[in-house]
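Enquirer: One structure, as structure tokens, below. Some questions next.
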Amino acid sequence: MEQRRKKILEELNFKDRVYVKALAQEFGVAMETIRRDLDYLAANNQLKKIYGGAIKVKNTRLELLYNERMMHNLEGKRMIALTAAHIIEDNDTIALLGGSTTEQMIQHLLVKKNLVVVTNSLPIALGLLQCRKEGSFDGRVIVVGGETNAASMATSGFFAEDMLAKLSVNKTFLSCAGFSPQNISTFREEHIQLSKLLLEKSDLRILVADASKMNVRHLFSFATFEDIDIVVCNRKIPDEWANEIDSDCLQWIAAPEVPQSKKA
């Protein structure tokens with residue numbers, strides 16, 4: 001019980017809010033159990049209950065939330081980014097959906113020639129444009145327009161979806177908030193349609209996700225492994241997962257594991 005309540009508070013460190021239904025599914029307990037957890041944490045002033053879930057007691061700036069997410073499991077994300085970048089070839093047209101792991105790929109794109117990078121991520125776009133200005137990147141950067149979200153530092157909404165619907169890419173790299181053989185999910189509803197559009201428009205679809213997201217399920221599902229061609233993770237595929245996955249359709253690439261002393 002204490003461990004579950006600790007994990008609920010940890011999730012609040014990386015999100016605006018948590019939901020009773022999603023937490024009950026994630027921990028495999030009844031929704032009433034989660035409600036009692038939230039009651040206890042609210043009574044101790046560790047969160048504030050709202051209809052259907054809870055929020056932080058003090059709403060910190062959303063920009064801070066993004067920076068915290070960037071630092072979480074940073075070494076693992078760097079190894080995943082390095083490994084995933086090997087999939088990219090010169091002259092590719094790639095999509096990088098906003099995420100703390102995909103952002104780590106920027107430095108590894110500089111050695112590629114004549115890339116076209118489509119992204120809804122403001123940090124990725126600004127990072128590549130700065131490298132282009134300095135002469136270390138010779139590719140094109142196409143920023144998907146739309147409503148911006150300070151928590152994710154990415155665009156979404158009708159304008160972003162309309163623009164993506166008119167594009168095609170060779171390879172899409174996307175992240176998630178949780179994944180399992182049955183479900184790939186996010187805690188932000190606005191990311192669902194963008195992810196689905198790019199999965200449809202891409203020749204090769206790559207999920208980049210660190211091991212802390214394994215067997216985590218959030219409220220909004222946007223894909224399954226049937227929609228993905230390659231998974232790049234900083235852990236080997238679990239034995240129990242291997243029995244549920246068609247290895248002829250899905251390739252699992254394990255980035256080098258993070259030494260214990262270097263874990264974030």
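Letters for chains follow the order of the structure tokens (A, B, ...), residue numbers begin at 1 for each chain, and ligand numbers begin at 1 in the order shown.
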Need to verify the contact set: stretch 201-212 of chain A, 8 Å, only C-alpha atoms, exclusion of same-chain residues closer than 5 positions in sequence. Can you return it as a ChimeraX atom specification?
Expert: /A:73,76-77,80-81,84,101-102,165,167-176,227-235
Enquirer: List as a ChimeraX atom specification the protein and nucleic acid residues near A:Gln107, meaning an atom at most 10 Å away when only C-alpha atoms are counted, but skip any in the same chain fewer than 6 places from it.
Expert: /A:81-82,85,127-128,131,136-137
Enquirer: Run DSSP on the backbone and tell me which residues of stretch 90-180 of chain A come out as strand (DSSP E or B); list them as a PyMOL selection string.
Expert: chain A and resi 93-96+116-119+121+140-143+147-149+154-156+169-174+178-180
Enquirer: So which bits of stretch 160-199 of chain A end up helix (DSSP H, G or I) when you DSSP the backbone, as an MDAnalysis selection string?
Expert: chainID A and resid 160:164 191:199
Enquirer: Give me, as a list in words, all polymer residues having an atom no more than 8 Å from stretch 183-193 of chain A, counting only C-alpha atoms and skipping those fewer than 3 positions away in the same chain.
Expert: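 The filter keeps Lys15, Ser156, Gly157, Glu161, Cys176, Ala177, Gly178, Phe179, Ser180, Lys196, Leu197, Arg217, His218, Leu219, Phe220, Ser221, Phe222, Ala223, Thr224 and Phe225 of chain A.
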Enquirer: As a ChimeraX atom specification, please: the residues near A:Ala95 (cut-off 6 Å, only C-alpha atoms, same-chain neighbours under 2 positions excluded).
Expert: /A:117-119,172
Enquirer: Can you pull out the residues contacting A:Asp138? Cut-off 12 Å, using only C-alpha atoms, and skip same-chain residues under 4 positions away; I want them as a list in words.
Expert: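 Within the cut-off, the hits are Asp90, Asn91, Leu109, Leu110, Val111, Lys112, Lys113, Asn114, Leu115, Val116, Val117, Leu128, Leu129, Gln130, Cys131, Arg132, Lys133 and Glu134 of chain A.
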Enquirer: Nearest to A:Gly98 among A:Val20, A:Ile253, A:Leu47, A:Ala154, with distances taken over only C-alpha atoms: which residue is it?
Expert: A:Ala154
Enquirer: Find, counting only C-alpha atoms, the residue in A:Glu200, A:Lys213, A:Glu32, A:Val141 that gets nearest to A:Leu126.
Expert: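 Of A:Glu200, A:Lys213, A:Glu32, A:Val141, the one nearest A:Leu126, counting only C-alpha atoms, is A:Val141.
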